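**Q** Okay, here's the structure, questions in a sec.
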Amino acid sequence: MEFGFFRGLPENLFILDIVGQVAFLLDIILHFFVAYRDSQTYRMIYKRTPIALRYLKSHFIIDLLGCLPWDIIFKVCGRREEVRFLLWIRLSRVRKVTSFFQKLEKDIRINYLFTRIVKLIVVEIYCTHTAACIFYYLATTLPASHEGYTWIGSLKMGDYNYTSFREIDIWMRYTTSLYFAVITMATVGYGDIHAVNLREMIFVMIFVSFDMILGAYLIGNMTALTVKGSKTEKFRDKMTDLIKYMNRNKLGKDIRNQIKGHLRLQYESSYTEASTLQDLPISIRAKISQTLYTEYIEKVPLLKDCSAEFINQIVIRLHEEFFLPGEVIMEQGNVVDQLYFVCHGVLVRFHIKRS
């Protein structure tokens, strides 16, 4: 809205803008102290050095540029229009909203249908708001003498005339622009508002083309809500069933955390259950296993002098298992009926003295 409706913020909005940027600066500082889960080992990283390096290599520069007082820079640079385009850097903050909704979708305490509907509404509001700001920006970049050749300058609703639209209340101008954006997005076309000059026609064509894609996205997502089957929804249903099972059997806190962690690991990693490959022919499944596991099995000292045929027989009978960091795989005294080969990560052996 700052980009489309203002050429220098008024005092009350300027203070509000500074407060907002200070809040985002605090968010930048917090990012240097927030732990994260490593994408390779799935281990939580708490050390400040790798946390800081990870943030510096990712979004730090964009976040910092977004927090700069561009309104002050615009005025210092002689109100050059090119400087105002740097305000679009702040649109990178949209990823924070996307990440927020992704976390909500995985939270089984919040209704999944409600979360998805709210997300779709936010997407639609954001797109219409952005379009409204661009519509008004196209009108205000023309000289005052050409106001009548803009969509809002030529607008007349009843006895109300928008000829000197720059002098109209800001919220009235914004509401009119938002109305134009919504009507264009819905492709209703009442005829009361329409593009007047060439720039506006080009943008309306681009906007309507984008609306077709956005409409397909919204309708497709609403349809998907009535048919269960998404990866996130399966994860939520499975987690809900497991929690009911753990509550009914009064399992301890440690085993609860291990079960939840293992299920999250399957969801966040590219883990594929063996049942997914059952429909494939045996020969193809054998080739997949040979491609994935042969190099690991050949390095096992126990199987060093074994024939290739014997190793192939072992390889085609393997199946994957994932374990969280710190999880106990096997204890001394357990009856063993299978072998484990470590492909990724490190296996640590502990010896516990028994008194």
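Going by the structure tokens order, chains are called A, B, ..., each with residues numbered from 1, while ligands are numbered from 1 in the order shown.
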Need the shell around range 50-59 of chain A: protein/DNA/RNA residues with any atom at most 9 Å away, counting only C-alpha atoms. Skip same-chain ones fewer than 4 positions apart. Format as a PDB file with all heavy atoms, in the first residue's frame?

**A**
```pdb
ATOM      1  N   HIS A  31      16.460 -14.871  14.777  1.00  0.00           N
ATOM      2  CA  HIS A  31      16.830 -15.953  13.866  1.00  0.00           C
ATOM      3  C   HIS A  31      18.244 -16.471  14.138  1.00  0.00           C
ATOM      4  O   HIS A  31      18.556 -17.605  13.766  1.00  0.00           O
ATOM      5  CB  HIS A  31      16.735 -15.474  12.412  1.00  0.00           C
ATOM      6  CG  HIS A  31      15.405 -15.749  11.781  1.00  0.00           C
ATOM      7  ND1 HIS A  31      14.323 -14.924  11.945  1.00  0.00           N
ATOM      8  CD2 HIS A  31      14.973 -16.772  11.002  1.00  0.00           C
ATOM      9  CE1 HIS A  31      13.297 -15.404  11.282  1.00  0.00           C
ATOM     10  NE2 HIS A  31      13.663 -16.530  10.699  1.00  0.00           N
ATOM     11  N   PHE A  32      19.082 -15.668  14.771  1.00  0.00           N
ATOM     12  CA  PHE A  32      20.446 -16.101  15.083  1.00  0.00           C
ATOM     13  C   PHE A  32      20.493 -16.995  16.331  1.00  0.00           C
ATOM     14  O   PHE A  32      21.561 -17.506  16.674  1.00  0.00           O
ATOM     15  CB  PHE A  32      21.352 -14.891  15.294  1.00  0.00           C
ATOM     16  CG  PHE A  32      21.709 -14.168  14.022  1.00  0.00           C
ATOM     17  CD1 PHE A  32      21.010 -13.050  13.618  1.00  0.00           C
ATOM     18  CD2 PHE A  32      22.748 -14.627  13.223  1.00  0.00           C
ATOM     19  CE1 PHE A  32      21.334 -12.385  12.455  1.00  0.00           C
ATOM     20  CE2 PHE A  32      23.085 -13.968  12.052  1.00  0.00           C
ATOM     21  CZ  PHE A  32      22.369 -12.842  11.670  1.00  0.00           C
ATOM     22  N   PHE A  33      19.355 -17.171  16.993  1.00  0.00           N
ATOM     23  CA  PHE A  33      19.338 -17.961  18.231  1.00  0.00           C
ATOM     24  C   PHE A  33      18.335 -19.109  18.184  1.00  0.00           C
ATOM     25  O   PHE A  33      18.274 -19.897  19.125  1.00  0.00           O
ATOM     26  CB  PHE A  33      18.986 -17.049  19.420  1.00  0.00           C
ATOM     27  CG  PHE A  33      19.949 -15.922  19.636  1.00  0.00           C
ATOM     28  CD1 PHE A  33      19.721 -14.668  19.077  1.00  0.00           C
ATOM     29  CD2 PHE A  33      21.100 -16.107  20.388  1.00  0.00           C
ATOM     30  CE1 PHE A  33      20.608 -13.622  19.267  1.00  0.00           C
ATOM     31  CE2 PHE A  33      22.001 -15.070  20.588  1.00  0.00           C
ATOM     32  CZ  PHE A  33      21.756 -13.819  20.020  1.00  0.00           C
ATOM     33  N   VAL A  34      17.558 -19.220  17.115  1.00  0.00           N
ATOM     34  CA  VAL A  34      16.527 -20.256  17.036  1.00  0.00           C
ATOM     35  C   VAL A  34      17.135 -21.534  16.461  1.00  0.00           C
ATOM     36  O   VAL A  34      17.722 -21.526  15.373  1.00  0.00           O
ATOM     37  CB  VAL A  34      15.347 -19.786  16.158  1.00  0.00           C
ATOM     38  CG1 VAL A  34      14.312 -20.902  16.025  1.00  0.00           C
ATOM     39  CG2 VAL A  34      14.704 -18.548  16.771  1.00  0.00           C
ATOM     40  N   ALA A  35      16.991 -22.642  17.189  1.00  0.00           N
ATOM     41  CA  ALA A  35      17.518 -23.928  16.739  1.00  0.00           C
ATOM     42  C   ALA A  35      16.752 -24.413  15.509  1.00  0.00           C
ATOM     43  O   ALA A  35      15.620 -23.998  15.251  1.00  0.00           O
ATOM     44  CB  ALA A  35      17.418 -24.954  17.861  1.00  0.00           C
ATOM     45  N   TYR A  36      17.385 -25.289  14.747  1.00  0.00           N
ATOM     46  CA  TYR A  36      16.745 -25.850  13.559  1.00  0.00           C
ATOM     47  C   TYR A  36      17.116 -27.323  13.432  1.00  0.00           C
ATOM     48  O   TYR A  36      18.066 -27.803  14.034  1.00  0.00           O
ATOM     49  CB  TYR A  36      17.181 -25.084  12.305  1.00  0.00           C
ATOM     50  CG  TYR A  36      18.623 -25.293  11.910  1.00  0.00           C
ATOM     51  CD1 TYR A  36      18.995 -26.253  10.973  1.00  0.00           C
ATOM     52  CD2 TYR A  36      19.651 -24.534  12.487  1.00  0.00           C
ATOM     53  CE1 TYR A  36      20.318 -26.453  10.621  1.00  0.00           C
ATOM     54  CE2 TYR A  36      20.971 -24.723  12.137  1.00  0.00           C
ATOM     55  CZ  TYR A  36      21.297 -25.687  11.192  1.00  0.00           C
ATOM     56  OH  TYR A  36      22.615 -25.887  10.858  1.00  0.00           O
ATOM     57  N   ILE A  45      19.930 -28.674  15.837  1.00  0.00           N
ATOM     58  CA  ILE A  45      21.176 -27.933  15.972  1.00  0.00           C
ATOM     59  C   ILE A  45      20.938 -26.767  16.924  1.00  0.00           C
ATOM     60  O   ILE A  45      20.098 -25.903  16.667  1.00  0.00           O
ATOM     61  CB  ILE A  45      21.658 -27.402  14.606  1.00  0.00           C
ATOM     62  CG1 ILE A  45      21.777 -28.556  13.596  1.00  0.00           C
ATOM     63  CG2 ILE A  45      22.979 -26.676  14.760  1.00  0.00           C
ATOM     64  CD1 ILE A  45      22.759 -29.623  13.996  1.00  0.00           C
ATOM     65  N   TYR A  46      21.688 -26.742  18.030  1.00  0.00           N
ATOM     66  CA  TYR A  46      21.519 -25.707  19.053  1.00  0.00           C
ATOM     67  C   TYR A  46      22.720 -24.752  19.125  1.00  0.00           C
ATOM     68  O   TYR A  46      22.620 -23.710  19.760  1.00  0.00           O
ATOM     69  CB  TYR A  46      21.322 -26.348  20.428  1.00  0.00           C
ATOM     70  CG  TYR A  46      20.074 -27.204  20.531  1.00  0.00           C
ATOM     71  CD1 TYR A  46      20.149 -28.583  20.396  1.00  0.00           C
ATOM     72  CD2 TYR A  46      18.829 -26.625  20.758  1.00  0.00           C
ATOM     73  CE1 TYR A  46      19.005 -29.372  20.482  1.00  0.00           C
ATOM     74  CE2 TYR A  46      17.681 -27.390  20.853  1.00  0.00           C
ATOM     75  CZ  TYR A  46      17.783 -28.772  20.711  1.00  0.00           C
ATOM     76  OH  TYR A  46      16.649 -29.527  20.797  1.00  0.00           O
ATOM     77  N   ASP A  63      16.133 -10.088   4.203  1.00  0.00           N
ATOM     78  CA  ASP A  63      15.400  -9.617   5.390  1.00  0.00           C
ATOM     79  C   ASP A  63      15.920  -8.259   5.850  1.00  0.00           C
ATOM     80  O   ASP A  63      15.144  -7.384   6.243  1.00  0.00           O
ATOM     81  CB  ASP A  63      15.521 -10.637   6.524  1.00  0.00           C
ATOM     82  CG  ASP A  63      14.730 -11.909   6.256  1.00  0.00           C
ATOM     83  OD1 ASP A  63      13.888 -11.876   5.342  1.00  0.00           O
ATOM     84  OD2 ASP A  63      14.956 -12.911   6.947  1.00  0.00           O
ATOM     85  N   LEU A  64      17.234  -8.087   5.810  1.00  0.00           N
ATOM     86  CA  LEU A  64      17.832  -6.817   6.240  1.00  0.00           C
ATOM     87  C   LEU A  64      17.441  -5.682   5.294  1.00  0.00           C
ATOM     88  O   LEU A  64      17.091  -4.581   5.741  1.00  0.00           O
ATOM     89  CB  LEU A  64      19.353  -6.946   6.318  1.00  0.00           C
ATOM     90  CG  LEU A  64      20.103  -5.729   6.868  1.00  0.00           C
ATOM     91  CD1 LEU A  64      19.678  -5.440   8.302  1.00  0.00           C
ATOM     92  CD2 LEU A  64      21.611  -5.953   6.804  1.00  0.00           C
TER      93      LEU A  64
END
```

**Q** Could you give me, as number ranges by chain, the residues within 9 Å of Glu124 in chain A, counting only C-alpha atoms and dropping anything in the same chain fewer than 5 positions from it?

**A** A: 119, 129, 214, 218

**Q** By how many Å are CA of Leu68 in chain A and CA of Asp17 in chain A apart?

**A**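 Separating CA of Leu68 in chain A from CA of Asp17 in chain A is a distance of 10.6 Å.
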
**Q** May I have the residues within 10 Å of range 341-347 of chain A as a PDB file with N, CA and C atoms, in the first residue's frame, using only C-alpha atoms and disregarding those fewer than 4 positions away in the same chain?

**A**
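part_7.pdb written:
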```pdb
ATOM      1  N   GLN A  40      19.911 -33.208   6.715  1.00  0.00           N
ATOM      2  CA  GLN A  40      20.588 -34.458   6.399  1.00  0.00           C
ATOM      3  C   GLN A  40      20.515 -35.458   7.546  1.00  0.00           C
ATOM      4  N   THR A  41      20.820 -35.004   8.740  1.00  0.00           N
ATOM      5  CA  THR A  41      20.851 -35.907   9.898  1.00  0.00           C
ATOM      6  C   THR A  41      19.572 -35.869  10.718  1.00  0.00           C
ATOM      7  N   LEU A 292      20.300 -48.872  -5.226  1.00  0.00           N
ATOM      8  CA  LEU A 292      20.334 -48.121  -3.973  1.00  0.00           C
ATOM      9  C   LEU A 292      21.318 -48.688  -2.956  1.00  0.00           C
ATOM     10  N   TYR A 293      21.448 -50.022  -2.885  1.00  0.00           N
ATOM     11  CA  TYR A 293      22.128 -50.618  -1.729  1.00  0.00           C
ATOM     12  C   TYR A 293      23.404 -51.388  -2.035  1.00  0.00           C
ATOM     13  N   GLU A 295      26.363 -50.701  -3.332  1.00  0.00           N
ATOM     14  CA  GLU A 295      27.636 -50.092  -2.944  1.00  0.00           C
ATOM     15  C   GLU A 295      27.849 -50.124  -1.436  1.00  0.00           C
ATOM     16  N   TYR A 296      26.781 -50.098  -0.651  1.00  0.00           N
ATOM     17  CA  TYR A 296      26.915 -50.157   0.808  1.00  0.00           C
ATOM     18  C   TYR A 296      27.230 -51.572   1.275  1.00  0.00           C
ATOM     19  N   ILE A 297      26.546 -52.556   0.681  1.00  0.00           N
ATOM     20  CA  ILE A 297      26.737 -53.944   1.113  1.00  0.00           C
ATOM     21  C   ILE A 297      28.135 -54.435   0.752  1.00  0.00           C
ATOM     22  N   VAL A 300      30.819 -53.879   3.413  1.00  0.00           N
ATOM     23  CA  VAL A 300      30.710 -54.538   4.719  1.00  0.00           C
ATOM     24  C   VAL A 300      31.829 -55.579   4.843  1.00  0.00           C
ATOM     25  N   LEU A 318      16.570 -56.397   1.107  1.00  0.00           N
ATOM     26  CA  LEU A 318      16.701 -55.291   2.066  1.00  0.00           C
ATOM     27  C   LEU A 318      15.469 -54.405   2.055  1.00  0.00           C
ATOM     28  N   GLU A 320      14.285 -50.377   3.898  1.00  0.00           N
ATOM     29  CA  GLU A 320      14.796 -49.213   4.625  1.00  0.00           C
ATOM     30  C   GLU A 320      14.129 -49.056   5.981  1.00  0.00           C
ATOM     31  N   GLU A 321      14.934 -48.554   6.927  1.00  0.00           N
ATOM     32  CA  GLU A 321      14.409 -48.135   8.230  1.00  0.00           C
ATOM     33  C   GLU A 321      15.137 -46.860   8.625  1.00  0.00           C
ATOM     34  N   PHE A 322      14.379 -45.909   9.170  1.00  0.00           N
ATOM     35  CA  PHE A 322      14.947 -44.641   9.621  1.00  0.00           C
ATOM     36  C   PHE A 322      14.866 -44.580  11.144  1.00  0.00           C
ATOM     37  N   PHE A 323      15.922 -44.031  11.765  1.00  0.00           N
ATOM     38  CA  PHE A 323      15.949 -43.883  13.216  1.00  0.00           C
ATOM     39  C   PHE A 323      16.331 -42.459  13.572  1.00  0.00           C
ATOM     40  N   PRO A 325      18.018 -39.459  15.861  1.00  0.00           N
ATOM     41  CA  PRO A 325      19.241 -39.373  16.674  1.00  0.00           C
ATOM     42  C   PRO A 325      18.953 -39.696  18.136  1.00  0.00           C
ATOM     43  N   GLY A 326      19.789 -40.553  18.716  1.00  0.00           N
ATOM     44  CA  GLY A 326      19.618 -40.919  20.118  1.00  0.00           C
ATOM     45  C   GLY A 326      18.686 -42.092  20.343  1.00  0.00           C
ATOM     46  N   VAL A 328      17.443 -45.916  20.509  1.00  0.00           N
ATOM     47  CA  VAL A 328      18.072 -47.221  20.760  1.00  0.00           C
ATOM     48  C   VAL A 328      17.592 -48.204  19.697  1.00  0.00           C
ATOM     49  N   ILE A 329      18.540 -48.768  18.956  1.00  0.00           N
ATOM     50  CA  ILE A 329      18.194 -49.701  17.882  1.00  0.00           C
ATOM     51  C   ILE A 329      18.150 -51.129  18.397  1.00  0.00           C
TER      52      ILE A 329
END
```

**Q** Under the rule of at most 12 Å, produce a per-residue listing of range 294-326 of chain A near range 279-288 of chain A: chain, number, name, the closest pair of atoms, and the distance in Å, as a tab-separated table, using only C-alpha atoms.

**A**
```
residue	atom	partner	partner_atom	distance
A:Thr294	CA	A:Ile288	CA	10.0
A:Asn312	CA	A:Ala286	CA	8.6
A:Gln313	CA	A:Ala286	CA	9.2
A:Ile314	CA	A:Ala286	CA	10.5
A:Val315	CA	A:Ala286	CA	7.9
A:Ile316	CA	A:Ala286	CA	5.2
A:Arg317	CA	A:Ala286	CA	8.5
A:Leu318	CA	A:Ala286	CA	9.9
A:His319	CA	A:Arg285	CA	11.2
```

**Q** So that I can check the surroundings of range 147-158 of chain A, please list as a list in words every protein, DNA and RNA residue that reaches within 7 Å of it, counting only C-alpha atoms and ignoring chain neighbours fewer than 6 positions away.

**A**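 Here the qualifying residues turn out to be Ala139, Ser164, Phe165, Ile193, His194, Ala195, Val196 and Asn197 of chain A.
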
**Q** Calculate how many Å separate CA of Glu298 in chain A from CA of His262 in chain A, rounding to one decimal.

**A**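 Taking CA of Glu298 in chain A and CA of His262 in chain A, their separation equals 28.4 Å.
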
**Q** Rounded to one decimal in Å, what is the spacing between CA of Leu302 in chain A and CA of Leu324 in chain A?

**A**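 So the answer is 26.0 Å.
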
**Q** From range 103-176 of chain A, collect each residue whose DSSP state is strand (DSSP E) and return the set as a ChimeraX atom specification.

**A** /A:156-157,160-161

**Q** Taking N, CA, C and O atoms for each residue, export the selection above as a compact mmCIF listing (two decimals), in the first residue's frame.

**A**
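Dumped to part.txt:
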```txt
# COMPACT_ATOMS: atom_id res chain seq x y z
N LYS A 156 -17.32 7.73 -12.60
CA LYS A 156 -18.45 8.48 -12.08
C LYS A 156 -19.52 7.50 -11.62
O LYS A 156 -20.02 6.70 -12.40
N MET A 157 -19.84 7.54 -10.32
CA MET A 157 -20.84 6.66 -9.73
C MET A 157 -22.00 7.52 -9.24
O MET A 157 -21.88 8.20 -8.22
N TYR A 160 -21.54 11.11 -7.86
CA TYR A 160 -20.19 11.25 -7.30
C TYR A 160 -19.17 11.18 -8.42
O TYR A 160 -19.17 10.24 -9.23
N ASN A 161 -18.28 12.17 -8.47
CA ASN A 161 -17.29 12.27 -9.53
C ASN A 161 -15.89 12.13 -8.95
O ASN A 161 -15.57 12.71 -7.93
```

**Q** Tell me, which residues of range 17-255 of chain A carry DSSP helix (DSSP H, G or I), written as a count of residues only?

**A** 171

**Q** So, with only C-alpha atoms as the atoms that count, which of A:Glu105, A:Asp27, A:Arg80, A:Ile170 lies closest to Glu2 in chain A?

**A** A:Ile170

**Q** Under the rule that only C-alpha atoms are counted, which of A:Val208, A:Asp305, A:Gly78, A:Gln258 is the nearest residue to Ala181 in chain A?

**A** A:Val208

**Q** Would you kindly return, as a ChimeraX atom specification, each protein, DNA or RNA residue with an atom no farther than 12 Å from any atom of Tyr190 in chain A, considering only C-alpha atoms and excluding same-chain residues fewer than 6 positions away?

**A** /A:179-180,182-184

**Q** Produce a file of the selected residues containing C-alpha atoms, as a PDB file, in the first residue's frame.

**A**
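Written out: part-v7.pdb:
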```pdb
ATOM      1  CA  TYR A 179     -13.517  -2.959  -5.738  1.00  0.00           C
ATOM      2  CA  PHE A 180     -11.981  -2.728  -9.219  1.00  0.00           C
ATOM      3  CA  VAL A 182     -12.239  -7.856  -6.997  1.00  0.00           C
ATOM      4  CA  ILE A 183     -14.606  -7.253  -9.916  1.00  0.00           C
ATOM      5  CA  THR A 184     -11.774  -7.885 -12.387  1.00  0.00           C
TER       6      THR A 184
END
```

**Q** Residues at most 12 Å from Val94 in chain A, counting only C-alpha atoms, excluding those fewer than 3 positions away in the same chain, as a PyMOL selection string?

**A** chain A and resi 63+66+88-91+97-101+122-123+126-127
